[in-house]
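The structure under discussion appears below in the form of structure tokens.
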2 protein chains.
Amino acid sequence: MDERSDAKIRLYELVLENGRSSSPYVWRIRYALAHKGLPVESVPIGFTDIPAVFGGRFKTVPVIEHGDTRLAESWDIAEYIDQAFPDAAPLFAAPPERAMVRLFDAWFSGEILRKMFRAYILDVHDAARPEDRAYYRNSRETMLKGATLEEFPKDRAASLPALRDSLRPLRSHLSQHPFLGGVAPNYADYIALGAFQWVASVSTLPVLAPNDALRAWRDRGFELYGGLGRDPRMRPLFE
Amino acid sequence: MDERSDAKIRLYELVLENGRSSSPYVWRIRYALAHKGLPVESVPIGFTDIPAVFGGRFKTVPVIEHGDTRLAESWDIAEYIDQAFPDAAPLFAAPPERAMVRLFDAWFSGEILRKMFRAYILDVHDAARPEDRAYYRNSRETMLKGATLEEFPKDRAASLPALRDSLRPLRSHLSQHPFLGGVAPNYADYIALGAFQWVASVSTLPVLAPNDALRAWRDRGFELYGGLGRDPRMRPLFE
């Protein structure tokens, strides 16, 4: 192990009023660190802490600190920790796997996460720390070009069938494999599990039907690494 | 090399009236065999030859023969040739890559190919060997529950924007990598290239906009393996 490997990793996480880490991107890194068996010191912050904590250098979490390295962007962090800790279990066993997971991320973030963000935009506000809510509302309503969080989406329940339908490739794949990564979970699982962790942290409307075939995989995924994804504060994912 | 490796591979391919191999699934295997550098004897057949040639055992091509092995289903064939020729370049370098490509296939076939089949259902008929057309029409119109090939889809041009939009994850990925597989093409590229090979074989309506960012990748892909995908009989993919 080289010098970098001895340094402790600090992970800056976005937390809700109830203290739960909720960002789907932070959750990817929580799982990735657990996958590699790396100890981590968590630094919980809220939306409005970000400018001061990072001196304007980063606008989003996750951010990790490791020795002299300070890094944002979950994908870059995942690649970094895989390179910095070559003796720990690899996140990406080979470049083609990394490329394929990256392609999965392009689909999942563009198609699935985008729909989730629309459906749960008000729930995130309501679950945030009180001191973060005004900032969150202003920034999101600017993105929505004037619509209020309450107005948008007007009928989110009506958007759920399309979101559920978009998850078909996962169901098809998981009918043949226990994990997206095959016999064992890989970073694609963490991308998808992270999204469901986030939804389960804020949701006031279950995202999935009661008989959804994703349930067994969700159960396996949330049990990983000593039940890292289990938390009594979580809300139902299934109707 | 074991005994199996010495035997010649025969590949049964579906051909059009002009003799061109057109099935998107056969093209996956054409590329896979070229990737591994394996010589192959092509057996061109039409839709109506399938029952007699395979004695009812297989309903679709590709089918390969290799020694005593006769195998259908492109995914099974890809896995088979990878195992039967371990000394040739691997299609799947490791099980997680194979799982990720399989997941990509679930998305691509369910989302992209499905839309393409709808848009080009009449073009396939018109490009087929004359003796295959009545069979093709009957089988497809049964699937369409009574609509004729001419009626369905009523306005396929109107369906193209959604199809093009669905390809966003590929564009996003290819803005950072030369191939879906990363620095080198892998079976995910062959799945996607095979679909465009098929469309280019039959299309009377270009599937992509003239400025589509997929063009550079398409060019790279069609040039692979000595221009395996180049053919003067092909029709324009770009408006």
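Here's how to read the names in the structure tokens: chain A, B, ... by the order shown, residue numbers from 1 in each chain, ligand numbers from 1 in the order shown.
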Note to self: Should the cut-off be 9 Å, what would the residue list for chain A against chain B look like, counting only C-alpha atoms, as number ranges by chain?
What the structure shows: A: 92-108, 110-111, 168-170, 172-174, 177, 179-186, 188
Check: Can you list, as number ranges by chain, every protein, DNA or RNA residue that comes within 7 Å of stretch 70-73 of chain B when you count only C-alpha atoms, leaving out same-chain residues fewer than 6 positions away?
Finding: B: 58, 61-64
Next item on the list: Might you pull out every residue within 7 Å of stretch 116-124 of chain B, with only C-alpha atoms counted and same-chain residues fewer than 5 positions away left off, and present them as a ChimeraX atom specification?
Entry: /B:149-150,153,156,202-204
Next item on the list: Write out as a list in words which residues come within 9 Å of A:Arg164 when counting only C-alpha atoms, dropping same-chain ones fewer than 3 positions away.
Entry: Ile112, Ser159, Leu160, Pro161, Leu167, Arg168, Val207, Leu208, Ala209 and Asp212 of chain A
Create the file for the chosen residues now, containing C-alpha atoms and written as an mmCIF file, in the first residue's frame.
```cif
data_model
loop_
_atom_site.group_PDB
_atom_site.id
_atom_site.type_symbol
_atom_site.label_atom_id
_atom_site.label_comp_id
_atom_site.auth_asym_id
_atom_site.auth_seq_id
_atom_site.Cartn_x
_atom_site.Cartn_y
_atom_site.Cartn_z
ATOM 1 C CA ILE A 112 -34.751 6.903 -14.234
ATOM 2 C CA SER A 159 -46.199 9.957 -13.762
ATOM 3 C CA LEU A 160 -45.465 6.775 -11.844
ATOM 4 C CA PRO A 161 -46.567 4.267 -14.525
ATOM 5 C CA LEU A 167 -37.369 0.018 -15.056
ATOM 6 C CA ARG A 168 -38.164 -2.939 -17.317
ATOM 7 C CA VAL A 207 -42.452 4.490 -6.187
ATOM 8 C CA LEU A 208 -43.084 0.811 -6.950
ATOM 9 C CA ALA A 209 -46.085 -1.485 -7.185
ATOM 10 C CA ASP A 212 -42.785 -5.398 -8.406
#
```
Those in stretch 39-195 of chain B with strand (DSSP E) from DSSP, as a PDB file with N, CA, C and O atoms, in the first residue's frame:
```pdb
ATOM      1  N   VAL B  40     -15.372 -18.303 -40.781  1.00  0.00           N
ATOM      2  CA  VAL B  40     -16.746 -18.782 -40.711  1.00  0.00           C
ATOM      3  C   VAL B  40     -17.228 -19.059 -42.132  1.00  0.00           C
ATOM      4  O   VAL B  40     -16.863 -18.360 -43.077  1.00  0.00           O
ATOM      5  N   GLU B  41     -18.014 -20.105 -42.254  1.00  0.00           N
ATOM      6  CA  GLU B  41     -18.653 -20.402 -43.526  1.00  0.00           C
ATOM      7  C   GLU B  41     -20.103 -19.942 -43.423  1.00  0.00           C
ATOM      8  O   GLU B  41     -20.853 -20.410 -42.568  1.00  0.00           O
ATOM      9  N   SER B  42     -20.471 -19.008 -44.287  1.00  0.00           N
ATOM     10  CA  SER B  42     -21.823 -18.449 -44.228  1.00  0.00           C
ATOM     11  C   SER B  42     -22.802 -19.318 -45.007  1.00  0.00           C
ATOM     12  O   SER B  42     -22.495 -19.788 -46.098  1.00  0.00           O
ATOM     13  N   VAL B  43     -23.975 -19.524 -44.441  1.00  0.00           N
ATOM     14  CA  VAL B  43     -25.041 -20.253 -45.130  1.00  0.00           C
ATOM     15  C   VAL B  43     -26.238 -19.317 -45.233  1.00  0.00           C
ATOM     16  O   VAL B  43     -26.987 -19.139 -44.263  1.00  0.00           O
ATOM     17  N   PRO B  44     -26.432 -18.693 -46.383  1.00  0.00           N
ATOM     18  CA  PRO B  44     -27.528 -17.733 -46.519  1.00  0.00           C
ATOM     19  C   PRO B  44     -28.864 -18.427 -46.733  1.00  0.00           C
ATOM     20  O   PRO B  44     -28.995 -19.290 -47.610  1.00  0.00           O
ATOM     21  N   ILE B  45     -29.843 -18.090 -45.931  1.00  0.00           N
ATOM     22  CA  ILE B  45     -31.192 -18.646 -46.079  1.00  0.00           C
ATOM     23  C   ILE B  45     -32.213 -17.515 -45.950  1.00  0.00           C
ATOM     24  O   ILE B  45     -31.868 -16.401 -45.555  1.00  0.00           O
ATOM     25  N   VAL B  63     -28.099 -19.279 -36.372  1.00  0.00           N
ATOM     26  CA  VAL B  63     -27.803 -20.630 -35.893  1.00  0.00           C
ATOM     27  C   VAL B  63     -26.370 -20.903 -36.298  1.00  0.00           C
ATOM     28  O   VAL B  63     -25.967 -20.564 -37.418  1.00  0.00           O
ATOM     29  N   ILE B  64     -25.601 -21.479 -35.381  1.00  0.00           N
ATOM     30  CA  ILE B  64     -24.251 -21.902 -35.777  1.00  0.00           C
ATOM     31  C   ILE B  64     -24.131 -23.414 -35.652  1.00  0.00           C
ATOM     32  O   ILE B  64     -24.813 -24.057 -34.834  1.00  0.00           O
ATOM     33  N   GLU B  65     -23.276 -23.956 -36.493  1.00  0.00           N
ATOM     34  CA  GLU B  65     -22.854 -25.351 -36.385  1.00  0.00           C
ATOM     35  C   GLU B  65     -21.362 -25.346 -36.156  1.00  0.00           C
ATOM     36  O   GLU B  65     -20.619 -24.628 -36.847  1.00  0.00           O
ATOM     37  N   HIS B  66     -20.950 -26.154 -35.204  1.00  0.00           N
ATOM     38  CA  HIS B  66     -19.532 -26.240 -34.882  1.00  0.00           C
ATOM     39  C   HIS B  66     -19.292 -27.644 -34.349  1.00  0.00           C
ATOM     40  O   HIS B  66     -19.679 -27.945 -33.222  1.00  0.00           O
ATOM     41  N   THR B  69     -22.027 -29.481 -32.394  1.00  0.00           N
ATOM     42  CA  THR B  69     -22.892 -28.484 -31.744  1.00  0.00           C
ATOM     43  C   THR B  69     -23.704 -27.716 -32.774  1.00  0.00           C
ATOM     44  O   THR B  69     -23.166 -27.259 -33.778  1.00  0.00           O
ATOM     45  N   ARG B  70     -24.983 -27.604 -32.514  1.00  0.00           N
ATOM     46  CA  ARG B  70     -25.863 -26.762 -33.329  1.00  0.00           C
ATOM     47  C   ARG B  70     -26.631 -25.898 -32.341  1.00  0.00           C
ATOM     48  O   ARG B  70     -27.276 -26.426 -31.435  1.00  0.00           O
ATOM     49  N   LEU B  71     -26.547 -24.596 -32.517  1.00  0.00           N
ATOM     50  CA  LEU B  71     -27.006 -23.705 -31.458  1.00  0.00           C
ATOM     51  C   LEU B  71     -27.676 -22.480 -32.058  1.00  0.00           C
ATOM     52  O   LEU B  71     -27.189 -21.908 -33.029  1.00  0.00           O
ATOM     53  N   ALA B  72     -28.809 -22.061 -31.461  1.00  0.00           N
ATOM     54  CA  ALA B  72     -29.497 -20.836 -31.860  1.00  0.00           C
ATOM     55  C   ALA B  72     -29.400 -19.822 -30.717  1.00  0.00           C
ATOM     56  O   ALA B  72     -28.807 -20.095 -29.680  1.00  0.00           O
TER      57      ALA B  72
END
```
Note to self: When you look at B:Val15 with a cut-off of 8 Å (counting only C-alpha atoms), what residues show up, excluding the ones that are within fewer than 6 positions of it in the same chain? I need them as JSON, numbers by chain.
What the structure shows: {"B": [21, 22, 23, 44, 45, 46, 128, 129]}
Output for the residues just chosen: C-alpha atoms as a PDB file, in the first residue's frame:
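Result saved to selection34.pdb:
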```
ATOM      1  CA  SER B  21     -27.383 -10.491 -44.457  1.00  0.00           C
ATOM      2  CA  SER B  22     -29.862  -8.386 -42.558  1.00  0.00           C
ATOM      3  CA  SER B  23     -30.906  -9.767 -39.156  1.00  0.00           C
ATOM      4  CA  PRO B  44     -27.528 -17.733 -46.519  1.00  0.00           C
ATOM      5  CA  ILE B  45     -31.192 -18.646 -46.079  1.00  0.00           C
ATOM      6  CA  GLY B  46     -34.552 -16.853 -46.179  1.00  0.00           C
ATOM      7  CA  ALA B 128     -37.171  -9.752 -48.429  1.00  0.00           C
ATOM      8  CA  ARG B 129     -36.798 -12.435 -51.094  1.00  0.00           C
TER       9      ARG B 129
END
```
Note to self: I'd like the contact shell of A:Thr48 - 12 Å cut-off, only C-alpha atoms, skipping same-chain residues fewer than 4 positions apart - returned as a PyMOL selection string.
What the structure shows: chain A and resi 14-16+44+52-54+56+59-61+128-139
Checklist line | Those in stretch 30-168 of chain A with alpha helix (DSSP H) from DSSP, as an MDAnalysis selection string | finding: chainID A and resid 30:35 50:53 74:84 95:107 114:119 121:127 130:143 160:166 168
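Of the residues under consideration (A:Asp155, A:Asp76, A:Asp49, A:Asp68), A:Asp76 shows the shortest atom-to-atom contact distance to A:Arg28 when counting only C-alpha atoms.
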